[in-house]
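Undergrad: TSV, C-alpha atoms and all ligand atoms, saved as start12.tsv, coming up:
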```
chain	number	residue	atom	x	y	z
A	1	MET	CA	122.19	56.49	66.61
A	2	THR	CA	120.81	53.71	68.83
A	3	ALA	CA	124.09	52.43	70.22
A	4	ASN	CA	126.84	54.44	71.83
A	5	ARG	CA	130.49	53.51	71.35
A	6	ARG	CA	132.75	53.95	74.33
A	7	ILE	CA	136.41	53.24	75.12
A	8	VAL	CA	136.90	51.05	78.20
A	9	VAL	CA	140.36	50.30	79.60
A	10	THR	CA	139.77	46.70	80.68
A	11	ALA	CA	143.24	45.70	81.95
A	12	VAL	CA	146.78	47.07	81.96
A	13	GLN	CA	147.54	48.01	78.33
A	14	ALA	CA	144.22	46.64	77.10
A	15	MET	CA	141.27	48.65	75.89
A	16	GLU	CA	138.14	47.91	73.90
A	17	LEU	CA	135.53	49.85	72.00
A	18	ARG	CA	132.30	48.81	73.69
A	19	GLU	CA	128.76	49.28	72.43
A	20	GLU	CA	126.25	50.41	75.04
A	21	PRO	CA	122.84	52.03	74.98
A	22	VAL	CA	122.88	55.82	74.59
A	23	PRO	CA	123.06	57.07	78.20
A	24	THR	CA	120.15	59.00	79.71
A	25	PRO	CA	120.97	62.04	81.85
A	26	ALA	CA	119.86	61.81	85.48
A	27	PRO	CA	118.41	64.92	87.16
A	28	GLY	CA	121.07	67.65	87.13
A	29	GLU	CA	122.99	65.97	84.30
A	30	VAL	CA	123.15	66.47	80.55
A	31	ARG	CA	123.91	64.18	77.65
A	32	VAL	CA	126.69	65.46	75.42
A	33	ARG	CA	127.63	64.49	71.87
A	34	SER	CA	131.44	64.49	71.88
A	35	THR	CA	133.48	66.72	69.62
A	36	TYR	CA	137.14	66.40	70.68
A	37	ILE	CA	138.44	64.38	73.63
A	38	GLY	CA	142.07	64.96	74.63
A	39	VAL	CA	144.44	62.16	75.56
A	40	CYS	CA	146.34	63.16	78.68
A	41	GLY	CA	149.35	61.86	80.58
A	42	SER	CA	147.02	60.61	83.31
A	43	ASP	CA	145.09	58.57	80.71
A	44	THR	CA	148.22	56.92	79.38
A	45	HIS	CA	149.71	56.45	82.86
A	46	ALA	CA	146.52	54.74	84.01
A	47	PHE	CA	146.48	52.64	80.81
A	48	HIS	CA	149.96	51.40	81.70
A	49	GLY	CA	148.87	50.73	85.30
A	50	ARG	CA	151.11	53.52	86.61
A	51	HIS	CA	148.60	56.07	87.88
A	52	PRO	CA	148.47	56.20	91.69
A	53	PHE	CA	144.73	56.97	91.90
A	54	ILE	CA	143.06	55.42	88.85
A	55	PRO	CA	142.18	51.75	89.29
A	56	ILE	CA	141.56	49.56	86.21
A	57	PRO	CA	139.05	48.94	84.64
A	58	TYR	CA	138.23	52.55	83.96
A	59	LEU	CA	136.39	54.80	81.52
A	60	PRO	CA	138.85	57.40	80.19
A	61	GLY	CA	138.15	60.87	78.87
A	62	HIS	CA	138.32	63.91	81.15
A	63	GLU	CA	139.45	66.45	78.52
A	64	ALA	CA	136.00	66.41	77.01
A	65	THR	CA	134.27	68.86	74.70
A	66	GLY	CA	131.01	68.48	72.82
A	67	VAL	CA	127.51	69.71	72.14
A	68	VAL	CA	124.65	69.43	74.63
A	69	ALA	CA	122.11	66.94	73.22
A	70	GLU	CA	119.68	66.33	76.10
A	71	LEU	CA	118.93	68.00	79.43
A	72	GLY	CA	118.19	66.06	82.59
A	73	GLU	CA	115.51	67.30	84.96
A	74	GLY	CA	116.17	70.70	86.50
A	75	VAL	CA	119.08	71.74	84.24
A	76	THR	CA	118.91	75.44	83.40
A	77	ASN	CA	122.56	76.57	83.06
A	78	VAL	CA	123.00	75.19	79.52
A	79	ALA	CA	120.70	74.64	76.54
A	80	ILE	CA	120.48	71.95	73.86
A	81	GLY	CA	122.97	72.84	71.11
A	82	ASP	CA	125.41	74.67	73.40
A	83	ARG	CA	129.06	73.85	72.71
A	84	ILE	CA	130.62	72.98	76.05
A	85	VAL	CA	133.88	71.98	77.68
A	86	VAL	CA	133.79	69.81	80.81
A	87	GLU	CA	135.53	70.83	84.03
A	88	PRO	CA	136.07	67.24	85.14
A	89	THR	CA	136.48	67.75	88.89
A	90	LEU	CA	133.32	66.52	90.65
A	91	PRO	CA	133.20	68.38	93.97
A	92	CYS	CA	130.76	67.61	96.80
A	93	TRP	CA	130.05	71.31	97.48
A	94	HIS	CA	129.68	70.60	101.23
A	95	CYS	CA	133.20	70.25	102.65
A	96	LYS	CA	135.40	73.13	103.82
A	97	PRO	CA	137.48	73.53	100.61
A	98	CYS	CA	134.27	73.44	98.53
A	99	ARG	CA	132.68	76.10	100.72
A	100	ASN	CA	135.84	78.23	100.39
A	101	GLY	CA	135.98	78.20	96.58
A	102	GLN	CA	138.72	75.58	96.49
A	103	GLU	CA	136.64	72.78	95.05
A	104	ASN	CA	139.73	71.39	93.30
A	105	LEU	CA	140.73	70.35	96.83
A	106	CYS	CA	137.32	68.89	97.76
A	107	GLU	CA	137.71	66.37	100.56
A	108	ASN	CA	135.33	64.04	98.71
A	109	LEU	CA	136.60	64.80	95.22
A	110	GLN	CA	135.73	62.50	92.36
A	111	PHE	CA	137.04	62.99	88.86
A	112	PHE	CA	135.09	62.53	85.63
A	113	GLY	CA	137.05	60.22	83.31
A	114	CYS	CA	139.61	59.29	85.99
A	115	GLY	CA	138.38	56.28	87.93
A	116	TYR	CA	134.78	57.56	87.99
A	117	PRO	CA	131.83	55.56	86.59
A	118	GLN	CA	131.50	58.10	83.76
A	119	GLY	CA	134.01	59.31	81.19
A	120	GLY	CA	134.06	61.25	77.97
A	121	MET	CA	135.86	58.96	75.52
A	122	ALA	CA	132.65	57.94	73.78
A	123	ASP	CA	130.30	59.12	71.02
A	124	GLN	CA	128.06	60.47	73.77
A	125	PHE	CA	128.38	60.75	77.52
A	126	VAL	CA	126.47	62.12	80.48
A	127	VAL	CA	127.96	64.54	82.98
A	128	ARG	CA	126.82	66.84	85.77
A	129	ALA	CA	125.56	70.09	84.25
A	130	ASP	CA	127.34	72.13	86.94
A	131	ARG	CA	130.66	70.97	85.45
A	132	LEU	CA	130.13	72.61	82.06
A	133	HIS	CA	131.53	75.81	80.59
A	134	VAL	CA	129.97	77.15	77.40
A	135	ILE	CA	132.58	77.65	74.64
A	136	PRO	CA	132.47	81.21	73.27
A	137	ASP	CA	131.60	81.58	69.57
A	138	ASP	CA	135.07	82.89	68.68
A	139	VAL	CA	136.80	79.73	69.98
A	140	SER	CA	136.87	76.86	67.45
A	141	ASP	CA	136.05	73.28	68.48
A	142	LEU	CA	139.70	72.29	68.10
A	143	ASP	CA	141.00	75.27	70.10
A	144	ALA	CA	138.43	74.43	72.79
A	145	ALA	CA	140.12	71.05	73.28
A	146	LEU	CA	143.00	73.02	74.86
A	147	ILE	CA	140.88	74.79	77.49
A	148	GLU	CA	141.14	71.98	80.07
A	149	PRO	CA	144.86	71.20	79.61
A	150	LEU	CA	145.73	74.92	79.69
A	151	ALA	CA	143.71	75.47	82.88
A	152	THR	CA	146.24	73.37	84.86
A	153	PRO	CA	149.25	75.65	84.10
A	154	VAL	CA	147.01	78.71	84.51
A	155	HIS	CA	146.21	77.54	88.04
A	156	ALA	CA	149.86	76.75	88.79
A	157	GLY	CA	150.93	80.17	87.52
A	158	ARG	CA	148.26	81.94	89.57
A	159	ILE	CA	149.11	80.27	92.86
A	160	ALA	CA	152.85	80.74	92.26
A	161	GLY	CA	152.28	84.43	92.90
A	162	PRO	CA	152.76	87.24	90.38
A	163	LEU	CA	155.02	86.23	87.49
A	164	GLN	CA	155.26	89.73	86.04
A	165	GLY	CA	158.93	90.63	85.62
A	166	ARG	CA	160.09	87.36	87.21
A	167	THR	CA	162.61	84.82	86.01
A	168	VAL	CA	161.01	81.46	85.43
A	169	ALA	CA	162.17	77.92	84.67
A	170	VAL	CA	159.85	75.23	83.37
A	171	LEU	CA	161.11	71.67	83.82
A	172	GLY	CA	159.68	69.33	81.18
A	173	ALA	CA	158.43	70.46	77.77
A	174	GLY	CA	155.49	68.06	77.42
A	175	THR	CA	151.97	69.35	76.89
A	176	ILE	CA	151.79	70.79	80.38
A	177	GLY	CA	155.29	72.32	80.33
A	178	LEU	CA	154.75	74.00	76.95
A	179	LEU	CA	151.39	75.37	78.11
A	180	MET	CA	153.15	76.50	81.31
A	181	LEU	CA	155.59	78.40	79.12
A	182	ALA	CA	152.63	80.10	77.41
A	183	VAL	CA	151.19	81.04	80.81
A	184	ALA	CA	154.52	82.48	81.99
A	185	ARG	CA	154.73	84.58	78.82
A	186	TRP	CA	151.07	85.67	79.15
A	187	SER	CA	151.74	86.65	82.77
A	188	GLY	CA	154.65	88.90	81.82
A	189	ALA	CA	157.61	86.83	83.02
A	190	ALA	CA	160.89	88.58	82.21
A	191	LYS	CA	162.74	85.45	81.13
A	192	VAL	CA	161.68	81.83	80.71
A	193	VAL	CA	164.00	78.85	80.33
A	194	VAL	CA	162.65	75.37	79.58
A	195	THR	CA	164.32	71.98	80.07
A	196	ASP	CA	163.69	68.62	78.42
A	197	PRO	CA	165.87	65.62	77.50
A	198	LEU	CA	164.33	65.42	74.02
A	199	PRO	CA	165.73	67.77	71.33
A	200	ALA	CA	162.33	67.96	69.56
A	201	LYS	CA	160.66	69.14	72.78
A	202	ARG	CA	163.36	71.75	73.34
A	203	GLU	CA	162.88	72.97	69.77
A	204	ALA	CA	159.14	73.21	70.37
A	205	ALA	CA	159.82	75.30	73.48
A	206	LEU	CA	162.04	77.70	71.52
A	207	ARG	CA	159.44	77.94	68.76
A	208	LEU	CA	156.74	78.69	71.34
A	209	GLY	CA	158.62	81.54	72.97
A	210	ALA	CA	161.19	80.23	75.46
A	211	ASP	CA	164.19	82.55	75.82
A	212	ALA	CA	166.45	79.52	76.16
A	213	VAL	CA	166.37	75.78	76.63
A	214	VAL	CA	168.53	73.42	78.65
A	215	ASP	CA	169.18	69.75	77.88
A	216	ALA	CA	167.77	67.94	80.91
A	217	THR	CA	170.36	65.18	80.54
A	218	ALA	CA	173.20	67.64	81.21
A	219	PRO	CA	175.09	66.95	84.44
A	220	ASP	CA	174.22	70.23	86.13
A	221	VAL	CA	170.84	71.37	84.94
A	222	ALA	CA	170.34	73.82	87.83
A	223	ALA	CA	173.65	75.59	87.13
A	224	GLN	CA	172.73	75.86	83.45
A	225	ILE	CA	169.34	77.31	84.33
A	226	ARG	CA	171.00	79.90	86.54
A	227	SER	CA	173.62	80.85	83.98
A	228	THR	CA	170.99	81.09	81.25
A	229	LEU	CA	168.78	83.31	83.38
A	230	GLY	CA	171.79	85.29	84.61
A	231	GLU	CA	170.58	84.74	88.19
A	232	SER	CA	168.58	82.25	90.22
A	233	ALA	CA	165.01	81.55	89.12
A	234	ASP	CA	162.22	83.28	91.02
A	235	VAL	CA	159.86	80.44	90.21
A	236	VAL	CA	160.47	76.92	88.89
A	237	PHE	CA	157.51	74.93	87.59
A	238	ASP	CA	158.41	71.26	87.92
A	239	CYS	CA	156.22	69.71	85.24
A	240	VAL	CA	157.88	66.31	85.61
A	241	ALA	CA	158.20	65.81	89.40
A	242	VAL	CA	160.70	62.99	89.59
A	243	HIS	CA	163.42	63.14	92.22
A	244	GLY	CA	166.03	64.67	89.91
A	245	THR	CA	163.77	67.45	88.61
A	246	THR	CA	162.55	68.50	92.04
A	247	LEU	CA	166.14	68.60	93.35
A	248	ALA	CA	167.18	70.66	90.32
A	249	ALA	CA	164.21	72.95	90.88
A	250	ILE	CA	165.21	73.60	94.49
A	251	ASP	CA	168.81	74.19	93.42
A	252	ALA	CA	167.75	76.63	90.69
A	253	VAL	CA	165.56	78.84	92.95
A	254	LEU	CA	168.04	79.34	95.76
A	255	LYS	CA	167.55	81.50	97.70
A	256	GLY	CA	164.00	82.34	98.65
A	257	GLY	CA	162.28	81.21	95.44
A	258	THR	CA	159.22	79.11	94.77
A	259	VAL	CA	159.08	75.58	93.38
A	260	VAL	CA	155.66	74.62	92.04
A	261	ILE	CA	155.02	70.88	91.79
A	262	VAL	CA	152.82	70.54	88.71
A	263	GLY	CA	153.85	67.05	87.58
A	264	VAL	CA	152.20	64.13	89.35
A	265	PRO	CA	154.97	62.27	91.20
A	266	SER	CA	154.61	58.53	90.76
A	267	ALA	CA	156.45	57.89	94.04
A	268	ASP	CA	157.51	59.75	97.17
A	269	PHE	CA	161.13	60.86	97.49
A	270	GLU	CA	163.39	62.70	99.90
A	271	LEU	CA	164.00	66.42	99.70
A	272	PRO	CA	166.88	68.46	101.21
A	273	MET	CA	164.90	69.76	104.18
A	274	ARG	CA	167.81	71.67	105.69
A	275	ILE	CA	168.23	73.69	102.52
A	276	ILE	CA	164.49	74.27	102.14
A	277	GLN	CA	164.39	75.69	105.67
A	278	ASP	CA	167.64	77.60	105.69
A	279	GLN	CA	167.22	79.14	102.24
A	280	GLN	CA	163.53	79.81	102.67
A	281	VAL	CA	162.40	77.83	99.66
A	282	ARG	CA	158.67	77.62	99.12
A	283	ILE	CA	157.42	74.26	97.82
A	284	GLN	CA	153.96	74.76	96.37
A	285	GLY	CA	151.76	71.89	95.19
A	286	SER	CA	149.32	72.56	92.37
A	287	ALA	CA	146.23	70.46	91.72
A	288	THR	CA	144.08	71.02	88.65
A	289	TYR	CA	141.97	74.20	88.51
A	290	VAL	CA	138.84	76.06	89.50
A	291	PRO	CA	136.40	77.98	87.23
A	292	GLN	CA	138.49	81.16	87.44
A	293	ASP	CA	141.33	79.24	85.76
A	294	TYR	CA	138.99	78.02	83.00
A	295	ALA	CA	138.02	81.65	82.42
A	296	THR	CA	141.69	82.69	82.04
A	297	SER	CA	142.37	79.69	79.84
A	298	ILE	CA	139.49	80.68	77.54
A	299	GLU	CA	140.73	84.28	77.52
A	300	MET	CA	144.25	83.18	76.51
A	301	ILE	CA	142.84	81.06	73.69
A	302	GLN	CA	140.62	83.92	72.50
A	303	ALA	CA	143.71	86.15	72.46
A	304	ARG	CA	145.53	83.45	70.39
A	305	ALA	CA	148.21	83.15	73.11
A	306	VAL	CA	147.65	79.40	72.74
A	307	ARG	CA	146.60	77.98	69.37
A	308	ALA	CA	145.47	74.52	68.33
A	309	GLU	CA	147.76	74.62	65.28
A	310	ASP	CA	150.78	74.82	67.60
A	311	PHE	CA	149.68	72.28	70.19
A	312	ILE	CA	147.34	69.70	68.66
A	313	THR	CA	149.64	67.49	66.65
A	314	GLY	CA	147.54	64.34	66.33
A	315	GLN	CA	143.88	63.51	65.70
A	316	PHE	CA	142.41	60.01	65.77
A	317	PRO	CA	138.90	58.56	65.41
A	318	LEU	CA	137.37	56.80	68.42
A	319	ASP	CA	138.04	53.32	67.02
A	320	GLN	CA	141.76	54.18	66.90
A	321	ALA	CA	142.01	55.20	70.55
A	322	GLU	CA	144.80	52.70	71.13
A	323	GLN	CA	146.88	54.33	68.37
A	324	ALA	CA	146.03	57.71	69.91
A	325	PHE	CA	147.34	56.57	73.30
A	326	ALA	CA	150.50	55.18	71.66
A	327	ALA	CA	151.04	58.45	69.76
A	328	SER	CA	150.53	60.39	72.96
A	329	THR	CA	153.34	58.50	74.71
A	330	SER	CA	155.67	58.42	71.68
A	331	GLY	CA	157.36	61.74	72.53
A	332	GLU	CA	156.57	62.93	69.01
A	333	HIS	CA	153.38	64.79	69.84
A	334	ILE	CA	152.34	67.73	71.97
A	335	LYS	CA	148.60	67.03	72.32
A	336	VAL	CA	146.68	64.16	70.76
A	337	VAL	CA	142.90	64.31	70.52
A	338	ILE	CA	140.21	61.79	69.68
A	339	HIS	CA	137.21	62.90	67.63
A	340	PRO	CA	134.33	60.46	67.61
A	401	LIG	N1	148.93	69.24	88.67
A	401	LIG	C1	147.94	68.86	87.91
A	401	LIG	O1	146.79	69.13	88.20
A	401	LIG	C2	148.21	68.11	86.65
A	401	LIG	C3	147.27	68.09	85.61
A	401	LIG	C4	147.59	67.43	84.43
A	401	LIG	C5	148.81	66.76	84.31
A	401	LIG	N2	149.68	66.79	85.36
A	401	LIG	C6	150.99	66.11	85.30
A	401	LIG	O2	151.92	66.96	84.69
A	401	LIG	C7	153.00	66.16	84.19
A	401	LIG	C8	153.31	66.56	82.77
A	401	LIG	O3	152.21	66.18	81.96
A	401	LIG	P1	152.37	66.17	80.38
A	401	LIG	O4	151.03	65.87	79.83
A	401	LIG	O5	153.09	67.39	79.93
A	401	LIG	O6	153.32	64.91	80.19
A	401	LIG	P2	154.29	64.59	78.98
A	401	LIG	O7	154.65	63.17	79.13
A	401	LIG	O8	153.68	65.10	77.72
A	401	LIG	O9	155.57	65.52	79.25
A	401	LIG	C9	156.60	65.22	80.11
A	401	LIG	C10	157.85	65.85	79.51
A	401	LIG	O10	158.90	65.80	80.48
A	401	LIG	C11	160.08	65.44	79.82
A	401	LIG	N3	161.02	64.93	80.82
A	401	LIG	C12	161.20	63.66	81.25
A	401	LIG	N4	162.18	63.62	82.17
A	401	LIG	C13	162.62	64.89	82.33
A	401	LIG	C14	163.62	65.51	83.14
A	401	LIG	N5	164.36	64.79	83.97
A	401	LIG	N6	163.79	66.84	83.05
A	401	LIG	C15	163.04	67.59	82.21
A	401	LIG	N7	162.08	67.05	81.40
A	401	LIG	C16	161.87	65.73	81.47
A	401	LIG	C17	159.65	64.46	78.76
A	401	LIG	O11	160.62	64.34	77.72
A	401	LIG	C18	158.35	65.11	78.27
A	401	LIG	O12	158.59	66.01	77.22
A	401	LIG	C19	152.56	64.71	84.36
A	401	LIG	O13	153.14	64.20	85.54
A	401	LIG	C20	151.06	64.84	84.51
A	401	LIG	O14	150.50	63.74	85.20
A	401	LIG	C21	149.41	67.46	86.50
A	402	ZN	ZN	144.28	65.91	81.59
A	403	ZN	ZN	133.87	69.08	98.77
```
The structure in this file should be written as structure tokens.
Ligand SMILES: NC(=O)c1ccc[n+]([C@@H]2O[C@H](COP(=O)([O-])OP(=O)(O)OC[C@H]3O[C@@H](n4cnc5c(N)ncnc54)[C@H](O)[C@@H]3O)[C@@H](O)[C@H]2O)c1
Ligand SMILES: [Zn+2]
Ligand SMILES: [Zn+2]

TA:
Amino acid sequence: MTANRRIVVTAVQAMELREEPVPTPAPGEVRVRSTYIGVCGSDTHAFHGRHPFIPIPYLPGHEATGVVAELGEGVTNVAIGDRIVVEPTLPCWHCKPCRNGQENLCENLQFFGCGYPQGGMADQFVVRADRLHVIPDDVSDLDAALIEPLATPVHAGRIAGPLQGRTVAVLGAGTIGLLMLAVARWSGAAKVVVTDPLPAKREAALRLGADAVVDATAPDVAAQIRSTLGESADVVFDCVAVHGTTLAAIDAVLKGGTVVIVGVPSADFELPMRIIQDQQVRIQGSATYVPQDYATSIEMIQARAVRAEDFITGQFPLDQAEQAFAASTSGEHIKVVIHP
């Protein structure tokens, strides 16, 4: 193959399939032949000009898996032919969070496929070799496409504190919320209730192991969560993070519980500070993952706690990326992937 095809988002709601020379890996980088590239909420938000930190034009594709095809100078951690999944955070390794093993919080963080000059939605791409995890032999290519999306809820669940025996609510049954449900189950939560306005999403949550679901359009979601759980929630994972969901989350954990903000809020909003103080509510942000979370994500997939057949509901070729983005926002899919 002499030319490489790549998706470029050129303007709000406009993308093109561009031909470019096959990229050459710089020292410390590898060239990867893509296998499956997931379409994520941040891709579609950026495509619609609604992502706070991704300027257009941009090269999408951070949920990238593939096979190593060429090694740049000095690369020893992977070999040609290795199946890999990208951990798309690009830390500087020098700042305080990087030195403390919190490279997801790097003060100079860049993000592969999210406003960075490289992205994975292409036949082939180059990426820093230190961002690769080798996919174990017992994980299929399609299952491996879930490693990155699952790592986000794994991280959120880990920093929420132990979930064993706890009552949990997950607000929003999109890809992240349904994977969050899987993490809560994997972590031994006693009871998990999931909310969503869409009946199909609530059905998916029940099918995937929720004890109960609540219609998010109901007038008092928090009260319904509490009555379903039989008590307040110990932990609420807000996988939507709009004003109404975060207020409901705070209401559902009273008193003394933890609200984890997993969704990316598209705007700032006011919170009931007097209640947060007086009722000792912990508001915990959660940002992506670190390698430990990738390891747990891989372990969950190996144990079949998360399976491609349950989560990957759409597959599109690279030249139908626009249809893939549309499917991803239609509300009819859990996870859509592109396979060049
Ligand atoms: N923290 C992180 O590192 C991280 C990583 C990836 C994605 N995210 C964010 O997580 C969020 C969820 O991502 P996703 O891919 O699952 O998106 P998605 O669009 O697939 O899912 C969102 C779900 O929320 C539902 N919803 C909408 N309003 C609701 C409400 N008021 N109450 C309950 N449910 C409601 C929708 O019907 C949908 O099912 C997004 O904001 C995304 O940007 C965060
Ligand atoms: Zn993503
Ligand atoms: Zn750093």

Undergrad: Residues within 8 Å of segment 157-160 of chain A, please, as a list in words. Count all atoms listed in the file; anything in the same chain fewer than 6 positions from it doesn't count.

TA: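 My reading of the contact set: Met180, Val183, Ala184, Val235, Thr258, Val260, Gln284 and Ser286 of chain A.
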
Undergrad: Report, in Å to a single decimal, how far apart atom CA of Leu132 of chain A and atom CA of Glu103 of chain A are.

TA: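 Value for the atom CA of Glu103 of chain A-atom CA of Leu132 of chain A distance: 14.5 Å.
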
Undergrad: Could you list, as a ChimeraX atom specification, all protein and nucleic acid residues with an atom at most 10 Å from ligand ZN 403 (chain A), counting all atoms listed in the file?

TA: /A:90-110

Undergrad: Please write out the residues within 8 Å of ligand ZN 402 (chain A) as number ranges by chain, counting only C-alpha atoms and all ligand atoms.

TA: A: 38-43, 62-63, 148-149

Undergrad: Taking all atoms listed in the file into account, list the residues no farther than 6 Å from ligand LIG 401 (chain A), as a list in words.

TA: Cys40, Gly41, Ser42, Thr152, Leu171, Gly172, Ala173, Gly174, Thr175, Ile176, Gly177, Thr195, Asp196, Pro197, Leu198, Lys201, Ala216, Cys239, Val240, Thr245, Val262, Gly263, Val264, Ser286, Ala287 and Thr288 of chain A

Undergrad: Using C-alpha atoms, can you write the selected residues to a file as a compact mmCIF listing (two decimals), in the coordinates of the input?

TA:
```
# COMPACT_ATOMS: atom_id res chain seq x y z
CA CYS A 40 146.34 63.16 78.68
CA GLY A 41 149.35 61.86 80.58
CA SER A 42 147.02 60.61 83.31
CA THR A 152 146.24 73.37 84.86
CA LEU A 171 161.11 71.67 83.82
CA GLY A 172 159.68 69.33 81.18
CA ALA A 173 158.43 70.46 77.77
CA GLY A 174 155.49 68.06 77.42
CA THR A 175 151.97 69.35 76.89
CA ILE A 176 151.79 70.79 80.38
CA GLY A 177 155.29 72.32 80.33
CA THR A 195 164.32 71.98 80.07
CA ASP A 196 163.69 68.62 78.42
CA PRO A 197 165.87 65.62 77.50
CA LEU A 198 164.33 65.42 74.02
CA LYS A 201 160.66 69.14 72.78
CA ALA A 216 167.77 67.94 80.91
CA CYS A 239 156.22 69.71 85.24
CA VAL A 240 157.88 66.31 85.61
CA THR A 245 163.77 67.45 88.61
CA VAL A 262 152.82 70.54 88.71
CA GLY A 263 153.85 67.05 87.58
CA VAL A 264 152.20 64.13 89.35
CA SER A 286 149.32 72.56 92.37
CA ALA A 287 146.23 70.46 91.72
CA THR A 288 144.08 71.02 88.65
```
